[in-house]
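To start, the structure itself, in structure tokens.
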Amino acid sequence: MRKLIIGVLLVILLAGGAVYTGLADPLIRWQVKGALVESGIGDQRAECMAERMVDRLTIGQLWKLRQGMATQDGEPEDGYGLGELVKRLRRVDDGEAVAVLTTSAGLCAVGLG
């Protein structure tokens, strides 16, 4: 039992170290890009946005964005307008995360990202 506890703690420390040092950034970037593509953003723009977002936001903020922007009961899954987008952004309740998401979308759309 003691070896199991030590092993679990070691895995947690290694995973935390990988995230803290940036070694996990490619995996996180891949996850963020996948979520953006899933939401209907083009592959190239999603790649640009994911890079900016991973560089500027914490994992907690990225998770908060993912949860806040997810479709809830009674909401359209796709083809929604600006009003629905604003409603979902308000749910995120993290001004910095929303600002990074929106500026990333804008800069990558015009090719400056």
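Order determines the names: the first chain of the structure tokens is A, the second B, and so forth; residues in each chain are numbered 1 upward, and ligands are numbered 1 upward as they are shown.
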
Original post:
What lies within 10 Å of stretch 40-45 of chain A using only C-alpha atoms, ignoring chain neighbours under 4 positions off, as a ChimeraX atom specification?
Top reply: /A:33-36,49-50,78-79,104-111,113

Subject >> Residue neighbourhood stretch 54-63 of chain A, 9 Å, only C-alpha atoms, exclusion window fewer than 6 positions, as a PyMOL selection string >> reply: chain A and resi 19+25+28-29+32+92+94+96-97+100

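Coordinates place atom CA of A:Val37 at a distance of 15.1 Å from atom CA of A:Arg52.
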
Original post:
If you measure from atom CA of A:Cys48 to atom CA of A:Gln72, what distance in Å do you get, rounded to one decimal?
Top reply: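 Atom-to-atom, atom CA of A:Cys48 to atom CA of A:Gln72, that is 26.9 Å.
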